[in-house]
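Have a look at the structure below, then the notes.
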There are 6 protein chains.
Amino acid sequence: MAQTKQTDDKTRGATGLRPLAFAADPNPWAEGSCRVSQGRTEVLVTATLEERLPPWRRGARAGWVTAEYAMLPRATSERGRRESAAGRPGGRTMEIQRLVGRSLRAVHDFKKMGERLLVVDADVLVADGGTRVASINGASVACALAWRALKSRGVVATDPMEQLLAAVSCARVGDALVIDPDYAQDSAANLDANLVFAEDGALIELQFGAEGQNFSRGLVDEILTLGWSAAAEIFAAQREVLARRDS
Amino acid sequence: MAQTKQTDDKTRGATGLRPLAFAADPNPWAEGSCRVSQGRTEVLVTATLEERLPPWRRGARAGWVTAEYAMLPRATSERGRRESAAGRPGGRTMEIQRLVGRSLRAVHDFKKMGERLLVVDADVLVADGGTRVASINGASVACALAWRALKSRGVVATDPMEQLLAAVSCARVGDALVIDPDYAQDSAANLDANLVFAEDGALIELQFGAEGQNFSRGLVDEILTLGWSAAAEIFAAQREVLARRDS
Amino acid sequence: MAQTKQTDDKTRGATGLRPLAFAADPNPWAEGSCRVSQGRTEVLVTATLEERLPPWRRGARAGWVTAEYAMLPRATSERGRRESAAGRPGGRTMEIQRLVGRSLRAVHDFKKMGERLLVVDADVLVADGGTRVASINGASVACALAWRALKSRGVVATDPMEQLLAAVSCARVGDALVIDPDYAQDSAANLDANLVFAEDGALIELQFGAEGQNFSRGLVDEILTLGWSAAAEIFAAQREVLARRDS
Amino acid sequence: MAQTKQTDDKTRGATGLRPLAFAADPNPWAEGSCRVSQGRTEVLVTATLEERLPPWRRGARAGWVTAEYAMLPRATSERGRRESAAGRPGGRTMEIQRLVGRSLRAVHDFKKMGERLLVVDADVLVADGGTRVASINGASVACALAWRALKSRGVVATDPMEQLLAAVSCARVGDALVIDPDYAQDSAANLDANLVFAEDGALIELQFGAEGQNFSRGLVDEILTLGWSAAAEIFAAQREVLARRDS
Amino acid sequence: MAQTKQTDDKTRGATGLRPLAFAADPNPWAEGSCRVSQGRTEVLVTATLEERLPPWRRGARAGWVTAEYAMLPRATSERGRRESAAGRPGGRTMEIQRLVGRSLRAVHDFKKMGERLLVVDADVLVADGGTRVASINGASVACALAWRALKSRGVVATDPMEQLLAAVSCARVGDALVIDPDYAQDSAANLDANLVFAEDGALIELQFGAEGQNFSRGLVDEILTLGWSAAAEIFAAQREVLARRDS
Amino acid sequence: MAQTKQTDDKTRGATGLRPLAFAADPNPWAEGSCRVSQGRTEVLVTATLEERLPPWRRGARAGWVTAEYAMLPRATSERGRRESAAGRPGGRTMEIQRLVGRSLRAVHDFKKMGERLLVVDADVLVADGGTRVASINGASVACALAWRALKSRGVVATDPMEQLLAAVSCARVGDALVIDPDYAQDSAANLDANLVFAEDGALIELQFGAEGQNFSRGLVDEILTLGWSAAAEIFAAQREVLARRDS
């Protein structure tokens, strides 16, 4: 299989990721928040703790984590219709917010939350590919910040978030694998993969979808290897922004 | 009602699949249709060819394939609210119908369809786990039947469907892997995986999601191996019902 | 008035009904269920008992019966839009489900139900005319099965359903009356009538609508006579399937 | 405000109808309009001619008639939720507007309309039973006025409305039949019937529904007799208001 | 600035208002109601007292007042789509009903209401400009009537409505100011103003909007002067209808 | 990120405005965009030019300007429900976006736009009072930037935007007037005013609403004087960010 790092993009790091930045707590109201950018993609993530649970969860002596995702209408190169005008979130939106929610739940110990709901909102300000992985990466920081703040205010006794999360997208364009593809690369891809890792290296979610060309088990392996090295770079950046916040 | 292929014994087969049956063309109107059952799960799939394309696809000199999925309200052990009453399909519904549509598109040569839309409807009559994979397996047969009928009527010159599809679900319950889990097993699982294969063995979709316990790359490998052997059993059953139809 | 039984349809019975079949309890979850077919029309009906009442009925020391009706998108010769996508059930759907609900309530003694709601779902798998009467006929069996099961489980002390129901449709095509018309006959009709009878011969609902040619009181009489003889055939078939179930 | 025909005394007339009044053309914009009252029930009906057809009717070289029905929120003794807030018209609304539309279509010769749509809006200002029959009676006058105006303006060459319509409701309260019941009587009824007649005495619609007590064929006959005598009174009042308008 | 009273409209009063009429309590169910007309514009307003509060207001030991506004489809010269069919009230509707509600709240002492909700419905029967001000003027009378009735029935001890309300619209057409413009004048206007006054002369709401030509502070002054003299005429008419009702 | 104009000190300026900042073109896709902050309130505004017109405007040989407004769920101190989940924008949203659209249209010469639609999206990232005026102020810059870019690309020959816009909010808290109130001040206010000025000093919109205490004409005068001096400061800041962009 061919060279996997885009040679035409000088700004990509050693693992193939586009320039990555996390800004801590841009929102003054939220328990925790993060503005994350990967290349031109920019997502604002807030974490809100609510003193309620969904009906089916009540009485569980444990909390729950849920996520919502949306794009501003002009986040994209062509303006999209506002989903509140359409009257309902679309299928892509639903699929992404379910992925973000499941991923966050995989690193939470609900017992430590009490009977509370953590609502994560990931709103895409600018979309240039990879908005779902950027949302997860930003949510990891926003939730970590929220729990630190809530612990320091005595709302929780111990931090319910057991690990950070890193999400990596990968596309196959022709024969080449591209980590963290931008919109143009994503549109040209014949395979689209998204991987979510916990900090200890375990996998939380794998989603591989053929887009016009099916794939082999060997390719799955190759992408898992590349993905983990990109995830390690993401974890390092997350820890850095959190450490700066603590100091 | 039409001919059905039924596995002989009531227990799970060698590959772990629950008893699997395909009934060809139960619907007198549809271009092709299939009633599929895996264990108690029962899905009615119809394939409809329409002489139109979605707006964004017009002028492409090629067709498109799309899918819709729904459950009857009492398909489940507790009656669910009808989605037309709720006013919108839920997130799970959207996620599944997007998966079914993508999988079918991966085995279609759109050029051979002409500027037409194939709409696949998968309606779950009884749900006992695995409704998304049963929908894909039934859709594989319904589409194959539709294209045979359409070819024999001269609507298309060559069959646009290049291969059959087989979808397999797998759960990890405790430490054990269960192929084709029923609802009770699925609810107890700590990992949920869905795999879609083409007849030539290539992968079309992989979806692994941790449900309370993360997973390793070794497990991914193990599930891919088990999944492929179950897929082979599914392909055999599909080919048998199609062959009986042809004869 | 002319000959009322379709001479061109050898399969119709003495009363003019198309071939009629009831399958008992095809759904493993529902308290009672029935798959009914009249000619090619096929409806799946489930009866669900819920331990709740609509808000306006609470505290009544009595139950309630309600019905929902829908068609699968490809139940019809041209695929129709899914009502969950349209965001609301259409007027025809509403009219039919109100008719089914009213008819069922006419044969229930609510006091014997306790403060519970019986929800009947009639989902049309294949439509070839007469789906509303088939829904009522299937619901009669599904409810009867449900109450027998619930009584044997001790949920109710006495069966709240006092009689079976039979519904008959009749069309005037040109000058001829057709009992249980199929879709083609229905489309050509200048008068459309639906009659719902209780087992004791009393009327529960009458709906006559002119479709391009008004009608006389004499015709009302004539249709009532034909309808009752068809209803008697339907009751016999219902009793047979219930008796077989009991034995 | 325009001329009105008012029955002379405050009590029910010989045929059992409540005091009945039609006001011609209360709306300055509509092609034709009528404010009708039966007892305290008051409905404002407008008839609008639009130079368009529903998509399925295009190219038919003929017109179409459709109706919409609604109640103001405080038309009833308890305020109801506004249907625009609920986001959709309810089942009762749909059922009634379908009845009004079908009834009007039964007396129209579509060929004489040209490719145009007549939209009838029946809005209930005050509801005290019988709103559906009052809507039909008012619509009969509003449409007649509209076509006279349109004919005099040369929009149509001949009047497409062949006859007037009269609608009568009847309830059985205990053992007594009540023509044109008010809300209190309707609520106490064990049988609810609505009849729509053409001016020549032919029937257009019959709807009989048991409400807790089933009914016999003899009763159908009895109600048809009473209904026709009430209809004759309604036709007389309609003809009077139209005649006064002409003079 | 030019002559402000329309010279071509002989029916306008000294203050420039079109003929103004209030009918007390046309609705037999509502606590209070009013049919108001200004020129051809005609609005039916009902005031309903409900023994409930919106959730956010509960426990306030005080009431609340809210308003809803709608137009019948053929209130306008071209028929508009029914908002229940559109599935949601439009922006203009929302803006007007918020204005009506705020204006009414400005003259209510919520403590005197008890924990109750006054719901005002303003339904436009005929629209010929100025429907929002006519709605407020009619609501002033409807609420005054409601509170008198409720006080006489002992529901409230003292009247919670402290003053009447008068609303005046003003348009600049070319250089001329027109009080209470009709639809044609409103459509030609380059400035649209709505003023709501309390009986003591204080202002409750001011809304000035340029429509193609901006405006000066001097013009604001001029319109306030004209508006107050029209408001005085409106208050006189309101007091007259209320006095007649009392006597 | 792009250049920003930031007022020098953390306290309110001489005119009473909170610290005000405009960032030019934070969005890489939009024709023009601006991130504006007033105190903690922060709004992202994009201007999109589309080669289409609303249906009613077609054939006008002129363009149109429209606006949409929304708040991110956690823009506020308590998380609000996402409007796409609610299925429709609320009344407050509609009222604000109509105000933004009308204000922008007042400074556009539609003929110079060609048959195109300018869509302005104002999305509130953080809300601390004054989001509607911040949206207008940011939209003024975003549109100015868009037209400069479009003119330099030759899409329009002359800039259709004739003047900048400045919007100022004012509250009366107790007896004191507060320019540009934050959320806490706004909540305590007994009068709420919003003023929109064109650069030449003319008024475009005035909205005064009593919140529990009515107001006099003298107060209107006083607020217009204060508002204009704040508007002058806003225009200066807008011109500075545009000038820096040009250089």
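Letters for chains follow the order of the structure tokens (A, B, ...), residue numbers begin at 1 for each chain, and ligand numbers begin at 1 in the order shown.
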8 Å contacts from chain E to chain F using only C-alpha atoms, as an mmCIF file with all heavy atoms, in the first residue's frame:
data_model
loop_
_atom_site.group_PDB
_atom_site.id
_atom_site.type_symbol
_atom_site.label_atom_id
_atom_site.label_comp_id
_atom_site.auth_asym_id
_atom_site.auth_seq_id
_atom_site.Cartn_x
_atom_site.Cartn_y
_atom_site.Cartn_z
ATOM 1 N N ARG E 88 -46.909 24.835 11.371
ATOM 2 C CA ARG E 88 -46.360 25.761 12.350
ATOM 3 C C ARG E 88 -46.824 27.175 12.028
ATOM 4 O O ARG E 88 -46.984 27.532 10.869
ATOM 5 C CB ARG E 88 -44.843 25.718 12.331
ATOM 6 C CG ARG E 88 -44.241 25.895 10.959
ATOM 7 C CD ARG E 88 -42.737 25.980 11.013
ATOM 8 N NE ARG E 88 -42.124 24.696 10.745
ATOM 9 C CZ ARG E 88 -40.830 24.530 10.451
ATOM 10 N NH1 ARG E 88 -40.023 25.569 10.418
ATOM 11 N NH2 ARG E 88 -40.344 23.341 10.215
ATOM 12 N N GLY E 91 -43.703 33.478 11.035
ATOM 13 C CA GLY E 91 -43.008 34.502 11.795
ATOM 14 C C GLY E 91 -43.872 35.718 12.077
ATOM 15 O O GLY E 91 -43.845 36.268 13.176
ATOM 16 N N ARG E 92 -44.655 36.145 11.095
ATOM 17 C CA ARG E 92 -45.519 37.305 11.290
ATOM 18 C C ARG E 92 -46.555 37.026 12.378
ATOM 19 O O ARG E 92 -46.803 37.856 13.256
ATOM 20 C CB ARG E 92 -46.226 37.616 9.959
ATOM 21 C CG ARG E 92 -47.102 38.848 9.999
ATOM 22 C CD ARG E 92 -47.846 39.035 8.680
ATOM 23 N NE ARG E 92 -48.938 39.970 8.871
ATOM 24 C CZ ARG E 92 -50.115 39.649 9.390
ATOM 25 N NH1 ARG E 92 -50.358 38.401 9.750
ATOM 26 N NH2 ARG E 92 -51.049 40.569 9.548
ATOM 27 N N MET E 94 -46.313 34.922 14.859
ATOM 28 C CA MET E 94 -45.626 34.886 16.156
ATOM 29 C C MET E 94 -45.343 36.300 16.662
ATOM 30 O O MET E 94 -45.523 36.599 17.838
ATOM 31 C CB MET E 94 -44.298 34.164 15.987
ATOM 32 C CG MET E 94 -44.480 32.700 15.705
ATOM 33 S SD MET E 94 -43.770 31.773 17.073
ATOM 34 C CE MET E 94 -43.846 30.133 16.370
ATOM 35 N N GLU E 95 -44.873 37.146 15.765
ATOM 36 C CA GLU E 95 -44.521 38.510 16.148
ATOM 37 C C GLU E 95 -45.761 39.241 16.663
ATOM 38 O O GLU E 95 -45.712 39.941 17.669
ATOM 39 C CB GLU E 95 -43.954 39.215 14.915
ATOM 40 C CG GLU E 95 -43.270 40.516 15.188
ATOM 41 C CD GLU E 95 -42.607 41.029 13.911
ATOM 42 O OE1 GLU E 95 -41.651 40.374 13.434
ATOM 43 O OE2 GLU E 95 -43.049 42.072 13.397
ATOM 44 N N ARG E 98 -47.061 37.873 20.077
ATOM 45 C CA ARG E 98 -46.200 38.306 21.167
ATOM 46 C C ARG E 98 -46.501 39.765 21.540
ATOM 47 O O ARG E 98 -46.541 40.119 22.723
ATOM 48 C CB ARG E 98 -44.737 38.125 20.780
ATOM 49 C CG ARG E 98 -44.318 36.654 20.856
ATOM 50 C CD ARG E 98 -43.024 36.367 20.114
ATOM 51 N NE ARG E 98 -41.913 37.146 20.582
ATOM 52 C CZ ARG E 98 -41.096 36.790 21.576
ATOM 53 N NH1 ARG E 98 -41.284 35.646 22.204
ATOM 54 N NH2 ARG E 98 -40.091 37.552 21.932
ATOM 55 N N ARG E 102 -47.800 40.941 25.226
ATOM 56 C CA ARG E 102 -47.046 41.922 26.032
ATOM 57 C C ARG E 102 -47.916 43.124 26.372
ATOM 58 O O ARG E 102 -47.888 43.622 27.492
ATOM 59 C CB ARG E 102 -45.818 42.419 25.248
ATOM 60 C CG ARG E 102 -44.642 41.473 25.226
ATOM 61 C CD ARG E 102 -43.351 42.191 24.826
ATOM 62 N NE ARG E 102 -43.504 43.030 23.651
ATOM 63 C CZ ARG E 102 -43.313 42.608 22.392
ATOM 64 N NH1 ARG E 102 -42.969 41.354 22.142
ATOM 65 N NH2 ARG E 102 -43.470 43.439 21.380
ATOM 66 N N ARG E 105 -50.369 42.272 29.090
ATOM 67 C CA ARG E 105 -49.719 42.095 30.395
ATOM 68 C C ARG E 105 -49.396 43.435 31.051
ATOM 69 O O ARG E 105 -49.407 43.561 32.276
ATOM 70 C CB ARG E 105 -48.453 41.246 30.236
ATOM 71 C CG ARG E 105 -48.775 39.787 29.969
ATOM 72 C CD ARG E 105 -47.571 38.875 30.107
ATOM 73 N NE ARG E 105 -46.603 39.038 29.018
ATOM 74 C CZ ARG E 105 -46.662 38.404 27.846
ATOM 75 N NH1 ARG E 105 -47.660 37.575 27.579
ATOM 76 N NH2 ARG E 105 -45.728 38.603 26.944
ATOM 77 N N ALA E 106 -49.153 44.462 30.206
ATOM 78 C CA ALA E 106 -48.786 45.781 30.755
ATOM 79 C C ALA E 106 -49.918 46.443 31.529
ATOM 80 O O ALA E 106 -49.687 47.394 32.280
ATOM 81 C CB ALA E 106 -48.314 46.699 29.617
ATOM 82 N N ALA E 198 -51.839 53.137 27.051
ATOM 83 C CA ALA E 198 -52.738 52.884 28.173
ATOM 84 C C ALA E 198 -53.707 54.062 28.266
ATOM 85 O O ALA E 198 -53.453 55.149 27.720
ATOM 86 C CB ALA E 198 -51.941 52.728 29.462
ATOM 87 N N ALA E 202 -49.996 56.873 28.992
ATOM 88 C CA ALA E 202 -48.637 56.329 28.935
ATOM 89 C C ALA E 202 -48.499 55.389 27.743
ATOM 90 O O ALA E 202 -49.484 54.815 27.264
ATOM 91 C CB ALA E 202 -48.320 55.589 30.231
ATOM 92 N N LEU E 203 -47.267 55.249 27.278
ATOM 93 C CA LEU E 203 -46.984 54.352 26.158
ATOM 94 C C LEU E 203 -46.681 52.951 26.662
ATOM 95 O O LEU E 203 -46.023 52.784 27.704
ATOM 96 C CB LEU E 203 -45.781 54.874 25.374
ATOM 97 C CG LEU E 203 -46.085 56.082 24.499
ATOM 98 C CD1 LEU E 203 -44.828 56.887 24.226
ATOM 99 C CD2 LEU E 203 -46.708 55.613 23.184
ATOM 100 N N ILE E 204 -47.115 51.971 25.927
ATOM 101 C CA ILE E 204 -46.843 50.574 26.282
ATOM 102 C C ILE E 204 -45.918 49.929 25.261
ATOM 103 O O ILE E 204 -44.993 49.203 25.612
ATOM 104 C CB ILE E 204 -48.179 49.809 26.412
ATOM 105 C CG1 ILE E 204 -48.907 50.288 27.664
ATOM 106 C CG2 ILE E 204 -47.959 48.317 26.446
ATOM 107 C CD1 ILE E 204 -50.304 49.757 27.828
ATOM 108 N N GLU E 205 -46.165 50.193 23.996
ATOM 109 C CA GLU E 205 -45.309 49.660 22.932
ATOM 110 C C GLU E 205 -45.199 50.686 21.809
ATOM 111 O O GLU E 205 -46.203 51.320 21.441
ATOM 112 C CB GLU E 205 -45.914 48.377 22.328
ATOM 113 C CG GLU E 205 -45.815 47.150 23.181
ATOM 114 C CD GLU E 205 -44.534 46.345 22.996
ATOM 115 O OE1 GLU E 205 -43.861 46.486 21.944
ATOM 116 O OE2 GLU E 205 -44.210 45.577 23.910
ATOM 117 N N LEU E 206 -44.024 50.798 21.264
ATOM 118 C CA LEU E 206 -43.783 51.585 20.046
ATOM 119 C C LEU E 206 -43.059 50.693 19.070
ATOM 120 O O LEU E 206 -42.050 50.074 19.435
ATOM 121 C CB LEU E 206 -42.822 52.732 20.331
ATOM 122 C CG LEU E 206 -43.288 54.012 20.973
ATOM 123 C CD1 LEU E 206 -42.187 55.056 20.835
ATOM 124 C CD2 LEU E 206 -44.555 54.502 20.324
ATOM 125 N N GLN E 207 -43.520 50.607 17.852
ATOM 126 C CA GLN E 207 -42.781 49.865 16.838
ATOM 127 C C GLN E 207 -42.799 50.661 15.547
ATOM 128 O O GLN E 207 -43.847 50.799 14.913
ATOM 129 C CB GLN E 207 -43.405 48.488 16.605
ATOM 130 C CG GLN E 207 -43.345 47.585 17.817
ATOM 131 C CD GLN E 207 -43.772 46.165 17.509
ATOM 132 O OE1 GLN E 207 -44.494 45.919 16.545
ATOM 133 N NE2 GLN E 207 -43.326 45.218 18.324
ATOM 134 N N PHE E 208 -41.652 51.191 15.187
ATOM 135 C CA PHE E 208 -41.519 51.929 13.933
ATOM 136 C C PHE E 208 -40.580 51.141 13.037
ATOM 137 O O PHE E 208 -39.496 50.765 13.473
ATOM 138 C CB PHE E 208 -40.882 53.298 14.180
ATOM 139 C CG PHE E 208 -41.801 54.310 14.790
ATOM 140 C CD1 PHE E 208 -42.248 54.191 16.098
ATOM 141 C CD2 PHE E 208 -42.213 55.419 14.056
ATOM 142 C CE1 PHE E 208 -43.089 55.139 16.670
ATOM 143 C CE2 PHE E 208 -43.050 56.370 14.617
ATOM 144 C CZ PHE E 208 -43.500 56.235 15.922
ATOM 145 N N GLY E 209 -40.978 50.938 11.804
ATOM 146 C CA GLY E 209 -40.082 50.236 10.892
ATOM 147 C C GLY E 209 -40.063 50.928 9.535
ATOM 148 O O GLY E 209 -41.126 51.126 8.928
ATOM 149 N N ALA E 210 -38.870 51.267 9.084
ATOM 150 C CA ALA E 210 -38.728 51.859 7.751
ATOM 151 C C ALA E 210 -39.015 50.795 6.703
ATOM 152 O O ALA E 210 -38.636 49.640 6.872
ATOM 153 C CB ALA E 210 -37.318 52.403 7.580
ATOM 154 N N GLU E 211 -39.720 51.184 5.678
ATOM 155 C CA GLU E 211 -39.973 50.278 4.550
ATOM 156 C C GLU E 211 -39.503 50.965 3.278
ATOM 157 O O GLU E 211 -40.306 51.413 2.477
ATOM 158 C CB GLU E 211 -41.473 49.954 4.445
ATOM 159 C CG GLU E 211 -42.104 49.367 5.670
ATOM 160 C CD GLU E 211 -41.955 47.844 5.746
ATOM 161 O OE1 GLU E 211 -41.493 47.260 4.751
ATOM 162 O OE2 GLU E 211 -42.277 47.276 6.797
ATOM 163 N N GLY E 212 -38.218 51.121 3.174
ATOM 164 C CA GLY E 212 -37.683 51.705 1.947
ATOM 165 C C GLY E 212 -37.294 53.165 2.080
ATOM 166 O O GLY E 212 -36.683 53.732 1.172
ATOM 167 N N GLN E 213 -37.656 53.800 3.196
ATOM 168 C CA GLN E 213 -37.217 55.192 3.400
ATOM 169 C C GLN E 213 -37.056 55.388 4.899
ATOM 170 O O GLN E 213 -38.003 55.168 5.664
ATOM 171 C CB GLN E 213 -38.301 56.136 2.838
ATOM 172 C CG GLN E 213 -37.824 57.553 2.722
ATOM 173 C CD GLN E 213 -38.932 58.444 2.143
ATOM 174 O OE1 GLN E 213 -39.688 58.034 1.250
ATOM 175 N NE2 GLN E 213 -39.049 59.647 2.650
ATOM 176 N N ASN E 214 -35.870 55.802 5.312
ATOM 177 C CA ASN E 214 -35.621 55.931 6.741
ATOM 178 C C ASN E 214 -36.335 57.158 7.289
ATOM 179 O O ASN E 214 -36.940 57.921 6.534
ATOM 180 C CB ASN E 214 -34.121 55.917 7.003
ATOM 181 C CG ASN E 214 -33.517 54.594 6.486
ATOM 182 O OD1 ASN E 214 -34.240 53.616 6.312
ATOM 183 N ND2 ASN E 214 -32.234 54.599 6.215
ATOM 184 N N PHE E 215 -36.308 57.342 8.600
ATOM 185 C CA PHE E 215 -37.141 58.394 9.182
ATOM 186 C C PHE E 215 -36.391 59.151 10.271
ATOM 187 O O PHE E 215 -35.393 58.686 10.815
ATOM 188 C CB PHE E 215 -38.456 57.819 9.714
ATOM 189 C CG PHE E 215 -38.300 56.709 10.720
ATOM 190 C CD1 PHE E 215 -38.355 56.961 12.082
ATOM 191 C CD2 PHE E 215 -38.118 55.397 10.315
ATOM 192 C CE1 PHE E 215 -38.215 55.940 13.017
ATOM 193 C CE2 PHE E 215 -37.983 54.378 11.238
ATOM 194 C CZ PHE E 215 -38.026 54.647 12.591
ATOM 195 N N SER E 216 -36.931 60.347 10.581
ATOM 196 C CA SER E 216 -36.257 61.254 11.508
ATOM 197 C C SER E 216 -36.945 61.243 12.870
ATOM 198 O O SER E 216 -38.073 60.776 13.019
ATOM 199 C CB SER E 216 -36.339 62.668 10.957
ATOM 200 O OG SER E 216 -37.702 63.060 10.949
ATOM 201 N N ARG E 217 -36.266 61.810 13.874
ATOM 202 C CA ARG E 217 -36.875 61.935 15.201
ATOM 203 C C ARG E 217 -38.090 62.842 15.169
ATOM 204 O O ARG E 217 -39.039 62.642 15.926
ATOM 205 C CB ARG E 217 -35.843 62.450 16.196
ATOM 206 C CG ARG E 217 -34.802 61.400 16.528
ATOM 207 C CD ARG E 217 -33.735 61.895 17.437
ATOM 208 N NE ARG E 217 -34.307 62.335 18.719
ATOM 209 C CZ ARG E 217 -33.566 62.720 19.747
ATOM 210 N NH1 ARG E 217 -32.235 62.733 19.647
ATOM 211 N NH2 ARG E 217 -34.136 63.103 20.866
ATOM 212 N N LEU E 224 -46.507 60.305 17.244
ATOM 213 C CA LEU E 224 -46.980 60.121 18.620
ATOM 214 C C LEU E 224 -48.167 61.045 18.912
ATOM 215 O O LEU E 224 -49.124 60.651 19.588
ATOM 216 C CB LEU E 224 -45.845 60.365 19.617
ATOM 217 C CG LEU E 224 -44.796 59.243 19.689
ATOM 218 C CD1 LEU E 224 -43.599 59.657 20.548
ATOM 219 C CD2 LEU E 224 -45.413 57.972 20.266
#
task = Apply DSSP to the structure's backbone, then extract all residues of chain C labelled alpha helix (DSSP H) and return them as an MDAnalysis selection string.
result = chainID C and resid 83:86 91:105 131:152 183:188 217:246
task = Determine, counting only C-alpha atoms, which protein, DNA and RNA residues have an atom within 12 Å of an atom of Tyr69 in chain F; residues of the same chain fewer than 2 positions away are not included. Present the result as number ranges by chain.
result = A: 72-73, 82, 84-85; F: 43-46, 66-67, 71-72, 83, 89-101, 119-125, 131-136, 139
request  = Mind giving me the straight-line distance from CA of Ala189 in chain F to CA of Ser77 in chain F in Å, one decimal?
outcome  =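 We find that CA of Ala189 in chain F and CA of Ser77 in chain F lie 18.3 Å from each other.
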